[in-house]
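Data file: coords-v7.cif. Format and content: mmCIF, C-alpha atoms.
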```
data_model
loop_
_atom_site.label_atom_id
_atom_site.label_comp_id
_atom_site.auth_asym_id
_atom_site.auth_seq_id
_atom_site.Cartn_x
_atom_site.Cartn_y
_atom_site.Cartn_z
CA MET I 1 59.97 106.14 -146.04
CA ALA I 2 62.31 107.69 -143.47
CA ILE I 3 65.28 109.77 -144.60
CA LEU I 4 68.26 109.62 -142.25
CA PHE I 5 70.92 112.31 -142.28
CA ARG I 6 74.61 111.91 -141.61
CA ALA I 7 74.52 114.46 -138.83
CA GLN I 8 76.01 115.29 -135.47
CA LEU I 9 73.65 115.33 -132.49
CA ARG I 10 74.34 117.16 -129.26
CA PRO I 11 73.50 115.50 -126.96
CA SER I 12 73.31 112.07 -128.56
CA LYS I 13 69.96 110.30 -128.53
CA LEU I 14 70.89 107.99 -125.67
CA GLU I 15 72.46 110.83 -123.70
CA LEU I 16 69.15 112.66 -124.01
CA ILE I 17 66.79 109.73 -123.41
CA VAL I 18 68.46 107.78 -120.58
CA PRO I 19 68.21 110.44 -117.81
CA TRP I 20 64.50 110.74 -118.59
CA LEU I 21 64.04 107.00 -118.97
CA VAL I 22 65.34 105.98 -115.55
CA GLU I 23 62.83 108.30 -113.87
CA GLN I 24 59.84 106.53 -115.43
CA PRO I 25 57.77 104.18 -113.24
CA TRP I 26 58.04 101.36 -115.81
CA ALA I 27 61.85 101.54 -116.07
CA TYR I 28 64.53 100.37 -113.65
CA PRO I 29 67.80 101.78 -112.28
CA SER I 30 71.05 100.24 -113.45
CA GLU I 31 74.73 100.88 -112.90
CA GLU I 32 75.38 99.22 -116.27
CA GLU I 33 75.48 101.26 -119.47
CA TRP I 34 72.21 101.51 -121.39
CA ARG I 35 72.40 100.25 -124.96
CA SER I 36 70.15 100.20 -127.99
CA VAL I 37 69.15 96.64 -128.87
CA ALA I 38 67.13 97.62 -131.95
CA THR I 39 65.10 100.48 -133.42
CA TYR I 40 62.29 101.01 -135.89
CA ARG I 41 60.64 104.07 -137.38
CA PHE I 42 57.21 105.14 -138.57
CA ASP I 43 56.35 107.71 -141.26
CA ASP I 44 54.36 110.85 -140.51
CA PRO I 45 51.90 111.23 -143.43
CA ALA I 46 52.40 115.01 -143.18
CA GLY I 47 56.18 114.67 -143.19
CA GLU I 48 56.67 116.88 -140.14
CA VAL I 49 57.25 114.60 -137.15
CA GLY I 50 60.06 112.08 -136.81
CA MET I 51 59.07 108.86 -135.05
CA GLU I 52 61.72 106.46 -133.79
CA THR I 53 61.18 103.61 -131.34
CA PHE I 54 64.04 102.18 -129.31
CA ILE I 55 64.39 98.77 -127.69
CA LEU I 56 66.77 99.56 -124.83
CA SER I 57 68.31 97.55 -122.04
CA ALA I 58 71.05 97.77 -119.42
CA GLY I 59 73.07 94.91 -118.01
CA GLN I 60 70.88 91.85 -117.57
CA GLY I 61 67.72 93.95 -117.20
CA GLU I 62 64.58 93.62 -119.25
CA ALA I 63 64.36 95.22 -122.67
CA LEU I 64 62.27 98.39 -122.63
CA HIS I 65 60.09 99.68 -125.49
CA VAL I 66 60.63 103.44 -125.85
CA PRO I 67 58.86 105.32 -128.69
CA VAL I 68 60.13 108.88 -129.27
CA THR I 69 58.95 111.68 -131.55
CA TYR I 70 61.12 114.50 -132.86
CA ARG I 71 59.73 117.92 -133.75
CA GLY I 72 61.13 121.15 -135.13
CA ALA I 73 59.16 123.23 -132.61
CA PRO I 74 57.56 122.62 -129.20
CA LEU I 75 54.28 120.66 -129.17
CA GLU I 76 51.67 122.82 -127.50
CA GLY I 77 50.20 121.32 -124.34
CA ALA I 78 52.71 118.44 -124.22
CA ASP I 79 55.19 119.67 -121.60
CA ALA I 80 54.59 116.53 -119.51
CA ALA I 81 55.80 114.38 -122.42
CA LEU I 82 58.93 116.42 -123.22
CA ILE I 83 62.14 114.41 -122.93
CA GLY I 84 64.44 117.27 -123.89
CA THR I 85 66.03 119.09 -126.80
CA MET I 86 69.01 118.37 -129.02
CA ASP I 87 70.97 120.19 -131.69
CA HIS I 88 70.90 118.44 -135.07
CA SER I 89 73.67 119.61 -137.41
CA VAL I 90 71.33 119.42 -140.43
CA LEU I 91 67.83 120.08 -139.06
CA GLY I 92 68.69 122.48 -136.23
CA GLN I 93 67.13 122.31 -132.78
CA ARG I 94 64.83 119.35 -132.22
CA TRP I 95 62.34 118.73 -129.42
CA ALA I 96 62.12 115.07 -128.36
CA TYR I 97 58.92 113.76 -126.77
CA ASP I 98 57.69 110.57 -125.18
CA ALA I 99 55.72 109.50 -128.24
CA THR I 100 52.78 108.24 -126.20
CA GLY I 101 51.95 111.89 -125.49
CA ASP I 102 52.15 112.95 -129.15
CA PRO I 103 48.89 112.83 -131.17
CA VAL I 104 50.71 112.15 -134.45
CA TYR I 105 52.24 109.01 -132.97
CA ALA I 106 48.80 107.90 -131.77
CA GLN I 107 47.44 108.39 -135.29
CA VAL I 108 50.23 106.47 -137.00
CA LEU I 109 50.33 103.66 -134.43
CA ALA I 110 46.58 103.11 -134.76
CA SER I 111 46.78 103.20 -138.56
CA THR I 112 49.68 100.73 -138.64
CA ILE I 113 47.89 98.29 -136.34
CA LEU I 114 44.50 98.48 -138.07
CA ASN I 115 45.78 98.40 -141.65
CA GLY I 116 48.43 95.71 -141.25
CA GLY I 117 51.21 98.24 -141.77
CA THR I 118 54.92 97.91 -141.13
CA GLU I 119 57.86 100.03 -140.10
CA ALA I 120 59.13 102.71 -142.50
CA GLU I 121 61.83 101.90 -145.03
CA LEU I 122 65.10 103.64 -144.12
CA TYR I 123 67.16 105.67 -146.56
CA VAL I 124 70.34 107.61 -145.99
CA GLU I 125 71.47 110.61 -148.03
CA LYS I 126 74.84 109.88 -149.65
CA ASP I 127 76.46 112.05 -152.32
CA GLY I 128 73.09 113.48 -153.27
CA GLN I 129 71.55 110.02 -153.64
CA ARG I 130 69.25 108.04 -151.38
CA GLU I 131 70.56 104.66 -150.32
CA LEU I 132 68.30 102.00 -148.77
CA ILE I 133 69.67 100.62 -145.51
CA ALA I 134 68.56 97.67 -143.41
CA GLY I 135 66.60 98.35 -140.24
CA THR I 136 67.30 96.56 -136.97
CA ALA I 137 63.69 95.73 -136.07
CA GLN I 138 60.68 94.80 -138.17
CA VAL I 139 57.13 95.38 -136.97
CA ARG I 140 53.69 94.59 -138.40
CA GLY I 141 50.10 95.33 -137.49
CA SER I 142 47.68 92.42 -137.31
CA GLY I 143 44.72 94.23 -138.91
CA SER I 144 43.59 94.05 -142.51
CA GLU I 145 41.40 97.14 -142.88
CA SER I 146 41.85 99.96 -145.36
CA ARG I 147 41.04 102.81 -143.06
CA GLU I 148 42.17 106.38 -142.71
CA VAL I 149 42.85 107.34 -139.11
CA PRO I 150 42.70 111.05 -138.21
CA VAL I 151 45.05 112.78 -135.80
CA PRO I 152 43.21 112.72 -132.43
CA SER I 153 42.25 116.10 -131.02
CA GLU I 154 42.83 114.96 -127.43
CA LEU I 155 44.84 112.30 -125.63
CA GLN I 156 44.62 110.87 -122.13
CA VAL I 157 47.83 109.04 -121.21
CA ASP I 158 48.36 106.70 -118.26
CA SER I 159 51.96 105.55 -117.78
CA SER I 160 51.62 104.39 -114.18
CA GLY I 161 52.06 100.70 -115.08
CA THR I 162 54.30 98.74 -117.42
CA VAL I 163 51.73 99.16 -120.21
CA THR I 164 51.05 102.78 -121.18
CA THR I 165 47.49 103.48 -122.32
CA ILE I 166 46.63 106.25 -124.77
CA THR I 167 42.91 107.03 -124.82
CA THR I 168 41.57 108.92 -127.84
CA GLY I 169 38.02 109.75 -128.85
CA ASP I 170 37.38 106.34 -130.42
CA ALA I 171 40.06 103.94 -129.16
CA VAL I 172 42.47 102.90 -126.44
CA LEU I 173 46.02 102.19 -127.57
CA SER I 174 48.14 100.01 -125.28
CA VAL I 175 51.93 100.39 -125.54
CA ILE I 176 53.96 97.70 -123.81
CA ARG I 177 56.94 99.19 -121.99
CA ARG I 178 58.65 96.06 -120.67
CA VAL I 179 59.19 93.73 -123.59
CA GLY I 180 57.67 90.35 -122.82
CA ASP I 181 54.67 91.71 -120.91
CA ALA I 182 51.24 90.75 -122.22
CA LEU I 183 48.72 93.05 -123.84
CA PRO I 184 45.30 93.50 -122.22
CA GLY I 185 42.92 90.71 -123.13
CA ASP I 186 40.41 92.95 -124.89
CA VAL I 187 42.67 94.26 -127.70
CA ALA I 188 41.13 93.87 -131.15
CA ALA I 189 44.39 94.12 -133.09
CA SER I 190 48.07 94.37 -132.23
CA LEU I 191 51.56 95.37 -133.32
CA THR I 192 54.30 92.77 -133.04
CA GLY I 193 58.02 93.04 -133.73
CA VAL I 194 61.07 90.92 -134.38
CA TRP I 195 64.75 91.80 -134.08
CA GLU I 196 68.01 89.99 -133.56
CA ARG I 197 67.69 87.70 -130.53
CA SER I 198 64.01 88.51 -130.02
CA PRO I 199 61.98 85.45 -128.97
CA GLY I 200 59.97 85.39 -132.20
CA PRO I 201 57.18 87.91 -132.95
CA THR I 202 56.83 89.94 -129.77
CA PRO I 203 53.75 92.00 -128.78
CA LEU I 204 54.52 95.73 -128.61
CA ALA I 205 51.18 97.55 -128.80
CA GLY I 206 47.44 96.97 -129.12
CA TYR I 207 44.28 98.69 -130.32
CA THR I 208 40.92 98.48 -128.55
CA PRO I 209 37.90 100.39 -129.97
CA ARG I 210 35.86 102.44 -127.54
CA VAL I 211 32.20 101.44 -127.61
#
```

Once you've parsed the file, please lay out its structure as structure tokens.
Amino acid sequence: MAILFRAQLRPSKLELIVPWLVEQPWAYPSEEEWRSVATYRFDDPAGEVGMETFILSAGQGEALHVPVTYRGAPLEGADAALIGTMDHSVLGQRWAYDATGDPVYAQVLASTILNGGTEAELYVEKDGQRELIAGTAQVRGSGSESREVPVPSELQVDSSGTVTTITTGDAVLSVIRRVGDALPGDVAASLTGVWERSPGPTPLAGYTPRV
């Protein structure tokens, strides 16, 4: 369950993300305005880290898959993954990271894929009550295990191509960046998503155990 606040953000999420995004090797420059096509969220079991994934595009360009984590304090050792900071009128200063460099995201992504999980339900605070709202993207893992996945102690991230790989102690997670690209052929389980105008269930990420 993800609780959304009616809050002011300075800068806005897109104002923060886009300058970082266009510098990534898997993105593309565009003179057209970037827009959010859809989003989905995951839950942090510890309730500390916000996890929001954007499907973004500009003009007639490809849709890009951009997972972001939000934290209330800097993540030690993750300067390379820092997107920037924003002021949240309810939660205060927030540090936004490329989620592929955040170990909590790696944990939750692996757990969702392996256990056949889905995106978090979204609630908004209204007059002291929580109101369920519809999300704009739905995702599901292909696995059927009942397995607890720990937070990895170390990550090795390679974002040089259009599929970012996150290597942990026991697995390689593959995160598609350009929607429509294929996952590596050796993935054991995957995450797929659907949203308005998506071409059916679309691969977004994969899990490959390390032997």

Taking all atoms listed in the file into account, which of I:Arg177, I:Arg94, I:Thr39, I:Glu145 comes nearest Ser160 of chain I?
I:Arg177

Determine, for each residue of segment 119-177 of chain I having at least one atom at most 12 Å from an atom of segment 70-78 of chain I, the closest pair of atoms and their separation in Å to one decimal, counting all atoms listed in the file; order by chain and ascending number, as JSON lines.
```
{"residue": "I:Ser153", "atom": "CA", "partner": "I:Gly77", "partner_atom": "CA", "distance": 11.6}
{"residue": "I:Glu154", "atom": "CA", "partner": "I:Gly77", "partner_atom": "CA", "distance": 10.2}
{"residue": "I:Leu155", "atom": "CA", "partner": "I:Ala78", "partner_atom": "CA", "distance": 10.1}
{"residue": "I:Gln156", "atom": "CA", "partner": "I:Ala78", "partner_atom": "CA", "distance": 11.3}
{"residue": "I:Val157", "atom": "CA", "partner": "I:Ala78", "partner_atom": "CA", "distance": 11.0}
```

Using the chain letters and residue numbers of this document, give as a list in words the residues selected by the PyMOL selection byres ((chain I and resi 49) around 7).
Asp44, Gly47, Glu48, Gly50, Met51, Thr69, Tyr70 and Arg71 of chain I

Who sits within 9 Å of Ser57 of chain I, all atoms listed in the file, same chain under 2 positions skipped, as a list of chain:residue names
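Answer for this query is I:Glu33, I:Trp34, I:Arg35, I:Ser36, I:Val37, I:Ile55, I:Gly59, I:Gln60, I:Gly61, I:Glu62, I:Ala63, I:Leu64.
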
Hey, could you make a per-residue contact list for segment 6-42 of chain I against segment 104-122 of chain I with 8 Å as the cut-off, showing the nearest pair of atoms and its distance in Å to one decimal, counting all atoms listed in the file, sorted by chain and number, as JSON lines?
```
{"residue": "I:Tyr40", "atom": "CA", "partner": "I:Glu119", "partner_atom": "CA", "distance": 6.2}
{"residue": "I:Arg41", "atom": "CA", "partner": "I:Ala120", "partner_atom": "CA", "distance": 5.5}
{"residue": "I:Phe42", "atom": "CA", "partner": "I:Ala120", "partner_atom": "CA", "distance": 5.0}
```

Check what the PyMOL selection byres ((chain I and resi 182-185) around 8) selects in the file above and give those residues as a ChimeraX atom specification.
/I:163,174,176,180-181,186-187,203-206

Take segment 84-99 of chain I, bring it up to N, CA, C and O atoms, and give me the output as a PDB file, in the frame of the given file.
```pdb
ATOM      1  N   GLY I  84      63.391 116.271-123.861  1.00  0.00           N
ATOM      2  CA  GLY I  84      64.440 117.270-123.890  1.00  0.00           C
ATOM      3  C   GLY I  84      64.675 117.761-125.304  1.00  0.00           C
ATOM      4  O   GLY I  84      63.926 117.423-126.227  1.00  0.00           O
ATOM      5  N   THR I  85      65.703 118.562-125.479  1.00  0.00           N
ATOM      6  CA  THR I  85      66.030 119.090-126.800  1.00  0.00           C
ATOM      7  C   THR I  85      67.444 118.695-127.189  1.00  0.00           C
ATOM      8  O   THR I  85      68.288 118.405-126.339  1.00  0.00           O
ATOM      9  N   MET I  86      67.678 118.669-128.499  1.00  0.00           N
ATOM     10  CA  MET I  86      69.010 118.370-129.020  1.00  0.00           C
ATOM     11  C   MET I  86      69.284 119.269-130.213  1.00  0.00           C
ATOM     12  O   MET I  86      68.357 119.774-130.859  1.00  0.00           O
ATOM     13  N   ASP I  87      70.546 119.455-130.506  1.00  0.00           N
ATOM     14  CA  ASP I  87      70.970 120.190-131.690  1.00  0.00           C
ATOM     15  C   ASP I  87      71.345 119.193-132.776  1.00  0.00           C
ATOM     16  O   ASP I  87      72.226 118.344-132.568  1.00  0.00           O
ATOM     17  N   HIS I  88      70.683 119.310-133.920  1.00  0.00           N
ATOM     18  CA  HIS I  88      70.900 118.440-135.070  1.00  0.00           C
ATOM     19  C   HIS I  88      71.652 119.268-136.112  1.00  0.00           C
ATOM     20  O   HIS I  88      71.192 120.342-136.500  1.00  0.00           O
ATOM     21  N   SER I  89      72.815 118.784-136.557  1.00  0.00           N
ATOM     22  CA  SER I  89      73.670 119.610-137.410  1.00  0.00           C
ATOM     23  C   SER I  89      73.052 119.907-138.769  1.00  0.00           C
ATOM     24  O   SER I  89      73.503 120.818-139.459  1.00  0.00           O
ATOM     25  N   VAL I  90      72.012 119.170-139.155  1.00  0.00           N
ATOM     26  CA  VAL I  90      71.330 119.420-140.430  1.00  0.00           C
ATOM     27  C   VAL I  90      69.981 120.103-140.209  1.00  0.00           C
ATOM     28  O   VAL I  90      69.647 121.081-140.878  1.00  0.00           O
ATOM     29  N   LEU I  91      69.204 119.613-139.247  1.00  0.00           N
ATOM     30  CA  LEU I  91      67.830 120.080-139.060  1.00  0.00           C
ATOM     31  C   LEU I  91      67.702 121.182-138.006  1.00  0.00           C
ATOM     32  O   LEU I  91      66.617 121.746-137.843  1.00  0.00           O
ATOM     33  N   GLY I  92      68.761 121.460-137.273  1.00  0.00           N
ATOM     34  CA  GLY I  92      68.690 122.480-136.230  1.00  0.00           C
ATOM     35  C   GLY I  92      68.170 121.913-134.922  1.00  0.00           C
ATOM     36  O   GLY I  92      68.259 120.707-134.665  1.00  0.00           O
ATOM     37  N   GLN I  93      67.599 122.770-134.085  1.00  0.00           N
ATOM     38  CA  GLN I  93      67.130 122.310-132.780  1.00  0.00           C
ATOM     39  C   GLN I  93      65.918 121.409-132.940  1.00  0.00           C
ATOM     40  O   GLN I  93      65.011 121.688-133.720  1.00  0.00           O
ATOM     41  N   ARG I  94      65.923 120.314-132.180  1.00  0.00           N
ATOM     42  CA  ARG I  94      64.830 119.350-132.220  1.00  0.00           C
ATOM     43  C   ARG I  94      64.305 119.131-130.807  1.00  0.00           C
ATOM     44  O   ARG I  94      65.082 119.048-129.845  1.00  0.00           O
ATOM     45  N   TRP I  95      62.995 119.023-130.699  1.00  0.00           N
ATOM     46  CA  TRP I  95      62.340 118.730-129.420  1.00  0.00           C
ATOM     47  C   TRP I  95      61.941 117.256-129.441  1.00  0.00           C
ATOM     48  O   TRP I  95      61.225 116.802-130.354  1.00  0.00           O
ATOM     49  N   ALA I  96      62.411 116.509-128.447  1.00  0.00           N
ATOM     50  CA  ALA I  96      62.120 115.070-128.360  1.00  0.00           C
ATOM     51  C   ALA I  96      61.053 114.830-127.301  1.00  0.00           C
ATOM     52  O   ALA I  96      61.141 115.354-126.184  1.00  0.00           O
ATOM     53  N   TYR I  97      60.045 114.038-127.664  1.00  0.00           N
ATOM     54  CA  TYR I  97      58.920 113.760-126.770  1.00  0.00           C
ATOM     55  C   TYR I  97      58.733 112.256-126.574  1.00  0.00           C
ATOM     56  O   TYR I  97      59.018 111.453-127.476  1.00  0.00           O
ATOM     57  N   ASP I  98      58.245 111.908-125.388  1.00  0.00           N
ATOM     58  CA  ASP I  98      57.690 110.570-125.180  1.00  0.00           C
ATOM     59  C   ASP I  98      56.541 110.448-126.173  1.00  0.00           C
ATOM     60  O   ASP I  98      55.551 111.170-126.085  1.00  0.00           O
ATOM     61  N   ALA I  99      56.674 109.540-127.140  1.00  0.00           N
ATOM     62  CA  ALA I  99      55.720 109.500-128.240  1.00  0.00           C
ATOM     63  C   ALA I  99      54.296 109.193-127.789  1.00  0.00           C
ATOM     64  O   ALA I  99      53.338 109.550-128.479  1.00  0.00           O
TER      65      ALA I  99
END
```
